[in-house]
$ cat run29.cif   # mmCIF, C-alpha atoms
data_my_file
#
loop_
_atom_site.label_atom_id
_atom_site.label_comp_id
_atom_site.auth_asym_id
_atom_site.auth_seq_id
_atom_site.Cartn_x
_atom_site.Cartn_y
_atom_site.Cartn_z
CA MET A 1 -17.84 20.30 5.69
CA GLU A 2 -14.87 18.16 4.64
CA LYS A 3 -11.63 19.02 6.39
CA THR A 4 -8.58 20.39 4.60
CA VAL A 5 -5.56 18.10 4.24
CA THR A 6 -3.80 19.76 7.18
CA GLU A 7 -6.94 19.61 9.31
CA ALA A 8 -7.47 15.94 8.47
CA ILE A 9 -3.87 15.05 9.31
CA ASN A 10 -4.15 16.84 12.66
CA TYR A 11 -7.53 15.24 13.39
CA ARG A 12 -6.39 11.71 12.66
CA ARG A 13 -5.51 9.70 15.74
CA SER A 14 -5.19 5.97 16.24
CA THR A 15 -8.60 5.20 17.73
CA ARG A 16 -8.69 2.19 20.05
CA VAL A 17 -12.39 2.22 21.00
CA TYR A 18 -15.29 3.02 18.68
CA LYS A 19 -18.91 3.96 19.23
CA LYS A 20 -21.59 1.54 18.09
CA THR A 21 -22.70 4.16 15.56
CA ASP A 22 -22.80 2.79 12.01
CA ILE A 23 -20.65 4.41 9.34
CA ASP A 24 -21.55 4.76 5.67
CA THR A 25 -20.10 1.86 3.66
CA GLN A 26 -20.12 3.89 0.44
CA LYS A 27 -18.15 6.69 2.05
CA VAL A 28 -15.55 4.21 3.26
CA LYS A 29 -15.42 2.76 -0.26
CA GLN A 30 -14.78 6.25 -1.66
CA CYS A 31 -11.90 6.64 0.79
CA LEU A 32 -10.49 3.37 -0.55
CA LEU A 33 -10.78 4.76 -4.06
CA ASN A 34 -8.63 7.64 -2.80
CA ALA A 35 -6.21 5.04 -1.45
CA SER A 36 -5.87 3.53 -4.92
CA LEU A 37 -4.62 6.92 -6.20
CA ALA A 38 -1.56 6.84 -3.94
CA PRO A 39 1.89 6.79 -5.52
CA THR A 40 3.17 3.29 -6.14
CA SER A 41 6.54 1.90 -7.23
CA SER A 42 6.70 1.63 -11.05
CA ASN A 43 2.93 2.14 -11.08
CA LEU A 44 2.56 -1.62 -10.53
CA GLN A 45 -0.13 -1.15 -7.86
CA LEU A 46 0.77 -4.39 -6.11
CA TRP A 47 -2.03 -4.06 -3.59
CA GLU A 48 -5.59 -5.07 -2.82
CA PHE A 49 -8.04 -3.51 -0.37
CA TYR A 50 -10.44 -5.77 1.53
CA HIS A 51 -13.37 -3.81 2.94
CA VAL A 52 -14.88 -6.00 5.65
CA THR A 53 -18.51 -5.35 6.62
CA ASN A 54 -19.81 -8.90 7.17
CA LYS A 55 -20.37 -9.46 10.89
CA GLU A 56 -18.98 -12.99 10.96
CA THR A 57 -15.85 -12.02 9.03
CA LEU A 58 -15.41 -8.98 11.31
CA LYS A 59 -15.48 -11.31 14.30
CA GLN A 60 -12.97 -13.71 12.73
CA ILE A 61 -10.51 -10.94 11.92
CA ALA A 62 -10.95 -9.32 15.34
CA GLU A 63 -10.01 -12.65 16.91
CA ALA A 64 -7.00 -12.87 14.58
CA CYS A 65 -6.06 -9.38 15.83
CA PHE A 66 -6.01 -10.83 19.36
CA ASN A 67 -9.36 -9.18 20.11
CA GLN A 68 -7.67 -5.84 20.69
CA SER A 69 -10.33 -3.19 21.17
CA ALA A 70 -9.40 -1.32 17.98
CA ALA A 71 -10.52 -4.41 16.05
CA LYS A 72 -13.23 -5.75 18.34
CA THR A 73 -15.18 -2.47 18.57
CA ALA A 74 -14.63 -1.37 14.94
CA ASN A 75 -17.76 -0.84 12.86
CA GLN A 76 -15.89 -1.95 9.73
CA LEU A 77 -12.39 -3.17 8.96
CA VAL A 78 -10.10 -2.59 6.00
CA VAL A 79 -7.27 -5.01 5.29
CA ILE A 80 -4.43 -3.72 3.13
CA VAL A 81 -2.90 -6.63 1.21
CA THR A 82 0.28 -6.69 -0.88
CA ARG A 83 0.33 -8.75 -4.08
CA LYS A 84 3.94 -8.86 -5.22
CA ASP A 85 3.02 -12.12 -6.92
CA LEU A 86 0.91 -10.17 -9.44
CA TRP A 87 3.80 -8.15 -10.88
CA LYS A 88 3.56 -9.82 -14.33
CA LYS A 89 -0.16 -9.13 -14.58
CA ARG A 90 0.23 -5.51 -13.47
CA ALA A 91 3.18 -4.92 -15.82
CA LYS A 92 1.08 -6.27 -18.69
CA ALA A 93 -1.77 -3.92 -17.71
CA ASN A 94 0.63 -0.97 -17.90
CA ILE A 95 1.79 -2.03 -21.38
CA GLU A 96 -1.81 -2.36 -22.57
CA PHE A 97 -2.54 1.11 -21.20
CA LEU A 98 0.47 2.58 -23.02
CA ASN A 99 -0.62 0.96 -26.28
CA LYS A 100 -4.08 2.44 -25.84
CA VAL A 101 -2.81 5.93 -24.98
CA TYR A 102 -0.42 6.01 -27.89
CA ASN A 103 -2.79 4.32 -30.35
CA THR A 104 -3.11 7.36 -32.58
CA PRO A 105 -1.79 8.00 -36.09
CA ASN A 106 1.05 10.40 -36.78
CA LEU A 107 2.67 10.24 -33.37
CA SER A 108 5.48 12.73 -32.91
CA ASP A 109 9.04 11.49 -32.55
CA LYS A 110 8.92 12.58 -28.92
CA ASP A 111 5.82 10.49 -28.23
CA LEU A 112 7.23 7.47 -30.08
CA LYS A 113 10.39 7.69 -28.02
CA ARG A 114 8.38 8.04 -24.80
CA LYS A 115 6.23 5.01 -25.67
CA LYS A 116 9.26 2.88 -26.53
CA MET A 117 11.05 3.85 -23.33
CA ALA A 118 8.04 3.13 -21.13
CA THR A 119 7.20 -0.13 -22.89
CA ASN A 120 10.79 -1.37 -22.60
CA TYR A 121 10.68 -0.48 -18.91
CA TYR A 122 7.81 -2.91 -18.33
CA LYS A 123 9.00 -5.55 -20.80
CA LYS A 124 12.68 -5.62 -19.81
CA LEU A 125 13.57 -3.78 -16.63
CA ILE A 126 10.63 -4.88 -14.46
CA PRO A 127 11.20 -8.60 -15.21
CA THR A 128 14.92 -8.11 -14.48
CA ILE A 129 14.08 -6.70 -11.06
CA TYR A 130 11.10 -8.89 -10.10
CA MET A 131 11.96 -12.26 -11.64
CA ASP A 132 13.17 -14.66 -8.96
CA PHE A 133 13.33 -18.30 -7.91
CA LEU A 134 13.39 -19.08 -4.19
CA GLY A 135 15.41 -15.92 -3.64
CA ILE A 136 18.39 -17.33 -5.57
CA LEU A 137 18.12 -15.15 -8.68
CA GLY A 138 17.57 -12.09 -6.53
CA PHE A 139 20.77 -12.74 -4.59
CA ILE A 140 22.76 -13.28 -7.79
CA LYS A 141 21.39 -10.01 -9.21
CA TYR A 142 22.21 -8.29 -5.93
CA ILE A 143 25.88 -9.35 -6.14
CA ILE A 144 26.15 -8.33 -9.80
CA PHE A 145 24.53 -4.94 -9.18
CA GLN A 146 26.83 -4.26 -6.21
CA ILE A 147 29.85 -4.86 -8.44
CA VAL A 148 28.47 -2.65 -11.21
CA GLY A 149 27.67 -0.05 -8.55
CA ILE A 150 31.39 0.39 -7.86
CA PHE A 151 31.70 2.10 -11.21
CA LYS A 152 28.38 3.93 -11.60
CA PRO A 153 25.08 4.59 -9.79
CA ILE A 154 22.74 1.62 -10.06
CA TYR A 155 19.57 0.27 -8.45
CA ARG A 156 20.76 -2.13 -5.76
CA GLN A 157 17.58 -3.45 -4.09
CA THR A 158 16.99 -6.63 -6.09
CA ARG A 159 16.72 -9.38 -3.49
CA LEU A 160 13.43 -11.10 -2.68
CA SER A 161 13.31 -9.29 0.65
CA ASP A 162 13.95 -5.95 -1.08
CA MET A 163 11.02 -6.39 -3.45
CA ARG A 164 8.75 -7.32 -0.54
CA ILE A 165 9.75 -4.08 1.14
CA VAL A 166 8.97 -2.14 -2.06
CA ALA A 167 5.46 -3.65 -2.19
CA HIS A 168 4.81 -2.89 1.48
CA LYS A 169 6.04 0.70 1.14
CA SER A 170 3.58 1.31 -1.68
CA ALA A 171 0.79 -0.31 0.34
CA GLY A 172 1.66 1.89 3.30
CA LEU A 173 1.31 5.01 1.14
CA ALA A 174 -2.13 3.81 0.04
CA ALA A 175 -3.11 3.14 3.66
CA GLN A 176 -2.15 6.68 4.63
CA ASN A 177 -4.25 8.08 1.76
CA PHE A 178 -7.16 6.05 3.10
CA MET A 179 -6.81 7.12 6.72
CA THR A 180 -6.38 10.79 5.82
CA SER A 181 -9.48 10.59 3.60
CA MET A 182 -11.43 9.01 6.46
CA ALA A 183 -10.29 11.74 8.85
CA ALA A 184 -11.38 14.39 6.33
CA ILE A 185 -15.00 13.23 6.60
CA GLY A 186 -14.92 12.78 10.37
CA TYR A 187 -14.39 9.02 10.43
CA ASP A 188 -11.74 7.41 12.62
CA THR A 189 -9.22 4.66 12.01
CA CYS A 190 -6.52 2.62 13.70
CA PRO A 191 -3.79 0.83 11.73
CA MET A 192 -2.86 -2.49 13.33
CA GLU A 193 0.20 -4.62 12.70
CA GLY A 194 -0.55 -6.94 15.60
CA SER A 195 -2.38 -9.88 14.08
CA ASP A 196 -2.10 -13.53 13.21
CA THR A 197 -1.66 -12.86 9.51
CA LEU A 198 -2.21 -16.50 8.57
CA ARG A 199 -5.65 -16.42 10.19
CA VAL A 200 -6.45 -13.07 8.56
CA LYS A 201 -5.55 -14.53 5.16
CA LYS A 202 -7.70 -17.58 5.88
CA ALA A 203 -10.69 -15.42 6.86
CA LEU A 204 -10.38 -13.51 3.59
CA ASN A 205 -9.55 -16.61 1.50
CA LEU A 206 -6.33 -15.03 0.23
CA PRO A 207 -3.78 -16.86 -1.94
CA SER A 208 -0.40 -17.89 -0.56
CA GLY A 209 1.44 -15.22 -2.57
CA SER A 210 -0.38 -12.39 -0.79
CA GLU A 211 0.81 -10.70 2.39
CA ILE A 212 -1.01 -8.67 5.03
CA ASN A 213 0.29 -5.12 5.19
CA MET A 214 -2.02 -3.94 7.97
CA VAL A 215 -5.54 -4.20 9.34
CA ILE A 216 -7.33 -0.88 9.84
CA GLY A 217 -10.19 -0.45 12.29
CA CYS A 218 -12.87 2.02 11.15
CA GLY A 219 -15.65 3.83 12.98
CA ILE A 220 -16.51 6.85 15.12
CA ARG A 221 -14.25 7.44 18.10
CA GLU A 222 -15.32 7.17 21.69
CA GLU A 223 -13.75 9.83 23.89
CA SER A 224 -11.98 7.03 25.74
CA GLY A 225 -10.76 5.62 22.43
CA ILE A 226 -7.89 8.11 22.16
CA TYR A 227 -5.26 7.00 24.65
CA GLY A 228 -3.88 10.31 25.84
CA PRO A 229 -2.44 13.39 24.10
CA ARG A 230 -0.37 13.02 20.94
CA PHE A 231 3.38 12.59 21.48
CA ARG A 232 5.98 13.33 18.83
CA ILE A 233 9.75 13.65 19.02
CA PRO A 234 10.68 17.36 18.71
CA PHE A 235 10.62 18.23 15.01
CA GLU A 236 14.12 19.73 15.24
CA GLU A 237 15.47 16.26 16.05
CA VAL A 238 14.08 14.66 12.90
CA TYR A 239 14.25 17.51 10.39
CA LYS A 240 17.58 17.75 8.57
CA GLU A 241 18.13 20.37 5.89
CA VAL A 242 21.10 19.51 3.66
#

$ encode --input "run29.cif" --output "structure tokens"
Amino acid sequence: MEKTVTEAINYRRSTRVYKKTDIDTQKVKQCLLNASLAPTSSNLQLWEFYHVTNKETLKQIAEACFNQSAAKTANQLVVIVTRKDLWKKRAKANIEFLNKVYNTPNLSDKDLKRKKMATNYYKKLIPTIYMDFLGILGFIKYIIFQIVGIFKPIYRQTRLSDMRIVAHKSAGLAAQNFMTSMAAIGYDTCPMEGSDTLRVKKALNLPSGSEINMVIGCGIREESGIYGPRFRIPFEEVYKEV
């Protein structure tokens, strides 16, 4: 029986050693479909999910992850990739979706207003935020927005580095959806940041504009694969009600 959300979250541990038992590729794929339903900044979905099952590619990526056991013993690997470079394509896809949704006669004034607002968001605001050239435009926008921000609330994260962070935050949310979904069906995972990302990109034949968010080992845990009891800072230290 599939675990509840709370049960899955409590079950999930970073698994460093996996059994040789095979896991169902289609079930892992379904968990990645769940990942694609995660919240994402401006609904741009600037991510890709590489589900690695090929033995040779698994070996290459494990080596790029310094042959740490969480990669070397994994039955399958999932690589979460950010694609900030695809913002124009994804913005266009959102506009096409809006046109399709609102492609009905006799739209109400409320719906017409909603369509116009959303369409302008992707045609005007998104290019304002994402358009850049070697980080120069982003820095200029950053200075302008800081000045405007003296007088009224305004979005301030407009630099190249800021937009990279936005893409990686969204990818991280998708990764958590994936790992929770895996835990729900009794599969184990381990998110890894330690890797030679250039070699990972080469193994997956990724374009230069892509970035590796994390590599996730997948399989069934060995008892020795969980390195000790879970440690968390006392909740009272991190929970702040205001």

$ closest_residue --input "run29.cif" --among "A:Leu32, A:Ile154, A:Leu107, A:Val52" --to "A:Leu77" --atoms "only C-alpha atoms"
A:Val52

$ closest_atom_pairs --input "run29.cif" --of "stretch 33-142 of chain A" --to "stretch 214-233 of chain A" --cutoff "12 Å" --atoms "only C-alpha atoms" --output "CSV"
residue,atom,partner,partner_atom,distance
A:Trp47,CA,A:Met214,CA,11.6
A:Glu48,CA,A:Met214,CA,11.4
A:Phe49,CA,A:Val215,CA,10.1
A:Tyr50,CA,A:Val215,CA,9.4
A:His51,CA,A:Ile216,CA,9.6
A:Val52,CA,A:Gly217,CA,9.8
A:Thr53,CA,A:Cys218,CA,10.3
A:Leu58,CA,A:Gly217,CA,10.0
A:Ile61,CA,A:Val215,CA,8.8
A:Ala62,CA,A:Gly217,CA,9.4
A:Ala64,CA,A:Val215,CA,10.2
A:Cys65,CA,A:Val215,CA,8.3
A:Asn67,CA,A:Gly217,CA,11.7
A:Gln68,CA,A:Gly217,CA,10.3
A:Ser69,CA,A:Gly225,CA,8.9
A:Ala70,CA,A:Gly217,CA,5.8
A:Ala71,CA,A:Gly217,CA,5.5
A:Lys72,CA,A:Gly217,CA,8.6
A:Thr73,CA,A:Gly217,CA,8.3
A:Ala74,CA,A:Gly217,CA,5.3
A:Asn75,CA,A:Gly219,CA,5.1
A:Gln76,CA,A:Cys218,CA,5.2
A:Leu77,CA,A:Gly217,CA,4.8
A:Val78,CA,A:Ile216,CA,5.0
A:Val79,CA,A:Val215,CA,4.5
A:Ile80,CA,A:Met214,CA,5.4
A:Val81,CA,A:Met214,CA,7.3
A:Thr82,CA,A:Met214,CA,9.5

$ residues_around --input "run29.cif" --residues "stretch 160-164 of chain A" --least-positions-apart "2" --cutoff "6 Å" --atoms "only C-alpha atoms" --output "VMD selection string"
chain A and resid 135 138 157 to 158 166 to 167

$ write_last_selection --input "run29.cif" --atoms "C-alpha atoms" --output "CSV table (one decimal), in the frame of the given file"
chain,number,residue,atom,x,y,z
A,135,GLY,CA,15.4,-15.9,-3.6
A,138,GLY,CA,17.6,-12.1,-6.5
A,157,GLN,CA,17.6,-3.4,-4.1
A,158,THR,CA,17.0,-6.6,-6.1
A,166,VAL,CA,9.0,-2.1,-2.1
A,167,ALA,CA,5.5,-3.6,-2.2

$ residues_near_point --input "run29.cif" --point "(5.0, 5.5, -25.5)" --cutoff "10 Å" --atoms "all atoms listed in the file" --output "list in words"
Ile95, Phe97, Leu98, Asn99, Lys100, Val101, Tyr102, Asn103, Leu107, Lys110, Asp111, Leu112, Lys113, Arg114, Lys115, Lys116, Met117, Ala118, Thr119 and Asn120 of chain A

$ write_last_selection --input "run29.cif" --atoms "C-alpha atoms" --output "mmCIF file, in the frame of the given file"
data_model
loop_
_atom_site.group_PDB
_atom_site.id
_atom_site.type_symbol
_atom_site.label_atom_id
_atom_site.label_comp_id
_atom_site.auth_asym_id
_atom_site.auth_seq_id
_atom_site.Cartn_x
_atom_site.Cartn_y
_atom_site.Cartn_z
ATOM 1 C CA ILE A 95 1.790 -2.030 -21.380
ATOM 2 C CA PHE A 97 -2.540 1.110 -21.200
ATOM 3 C CA LEU A 98 0.470 2.580 -23.020
ATOM 4 C CA ASN A 99 -0.620 0.960 -26.280
ATOM 5 C CA LYS A 100 -4.080 2.440 -25.840
ATOM 6 C CA VAL A 101 -2.810 5.930 -24.980
ATOM 7 C CA TYR A 102 -0.420 6.010 -27.890
ATOM 8 C CA ASN A 103 -2.790 4.320 -30.350
ATOM 9 C CA LEU A 107 2.670 10.240 -33.370
ATOM 10 C CA LYS A 110 8.920 12.580 -28.920
ATOM 11 C CA ASP A 111 5.820 10.490 -28.230
ATOM 12 C CA LEU A 112 7.230 7.470 -30.080
ATOM 13 C CA LYS A 113 10.390 7.690 -28.020
ATOM 14 C CA ARG A 114 8.380 8.040 -24.800
ATOM 15 C CA LYS A 115 6.230 5.010 -25.670
ATOM 16 C CA LYS A 116 9.260 2.880 -26.530
ATOM 17 C CA MET A 117 11.050 3.850 -23.330
ATOM 18 C CA ALA A 118 8.040 3.130 -21.130
ATOM 19 C CA THR A 119 7.200 -0.130 -22.890
ATOM 20 C CA ASN A 120 10.790 -1.370 -22.600
#

$ closest_residue --input "run29.cif" --among "A:Leu198, A:Ile126, A:Met192, A:Ile185" --to "A:Arg90" --atoms "only C-alpha atoms"
A:Ile126

$ resolve_selection --input "run29.cif" --expression "the PyMOL selection byres ((chain A and resi 12) around 7)" --output "JSON, numbers by chain"
{"A": [8, 9, 10, 11, 13, 14, 180, 183, 188]}

$ write_last_selection --input "run29.cif" --atoms "C-alpha atoms" --output "PDB file, in the frame of the given file"
ATOM      1  CA  ALA A   8      -7.470  15.940   8.470  1.00  0.00           C
ATOM      2  CA  ILE A   9      -3.870  15.050   9.310  1.00  0.00           C
ATOM      3  CA  ASN A  10      -4.150  16.840  12.660  1.00  0.00           C
ATOM      4  CA  TYR A  11      -7.530  15.240  13.390  1.00  0.00           C
ATOM      5  CA  ARG A  13      -5.510   9.700  15.740  1.00  0.00           C
ATOM      6  CA  SER A  14      -5.190   5.970  16.240  1.00  0.00           C
ATOM      7  CA  THR A 180      -6.380  10.790   5.820  1.00  0.00           C
ATOM      8  CA  ALA A 183     -10.290  11.740   8.850  1.00  0.00           C
ATOM      9  CA  ASP A 188     -11.740   7.410  12.620  1.00  0.00           C
TER      10      ASP A 188
END

$ atom_distance --input "run29.cif" --atom1 "atom CA of A:Tyr142" --atom2 "atom CA of A:Ile212"
25.7 Å

$ axis_aligned_box --input "run29.cif" --around "stretch 216-231 of chain A" --padding-each-side "5 Å" --output "lines of an AutoDock Vina configuration file"
center_x = -6.6
center_y = 6.3
center_z = 17.8
size_x = 29.9
size_y = 24.3
size_z = 26.0

$ atom_distance --input "run29.cif" --atom1 "atom CA of A:Thr6" --atom2 "atom CA of A:Lys27"
20.1 Å

$ closest_residue --input "run29.cif" --among "A:Ala203, A:Val238, A:Cys190, A:Ala184" --to "A:Cys31" --atoms "all atoms listed in the file"
A:Ala184

$ closest_residue --input "run29.cif" --among "A:Lys141, A:Asn213, A:Gln146, A:Ala171" --to "A:Arg159" --atoms "all atoms listed in the file"
A:Lys141

$ closest_residue --input "run29.cif" --among "A:Pro234, A:Pro127, A:Gly149, A:Pro191" --to "A:Met179" --atoms "all atoms listed in the file"
A:Pro191

$ atom_distance --input "run29.cif" --atom1 "atom CA of A:Arg16" --atom2 "atom CA of A:Gln176"
17.3 Å

$ closest_residue --input "run29.cif" --among "A:Lys202, A:Lys59, A:Lys19, A:Lys84" --to "A:His168" --atoms "only C-alpha atoms"
A:Lys84
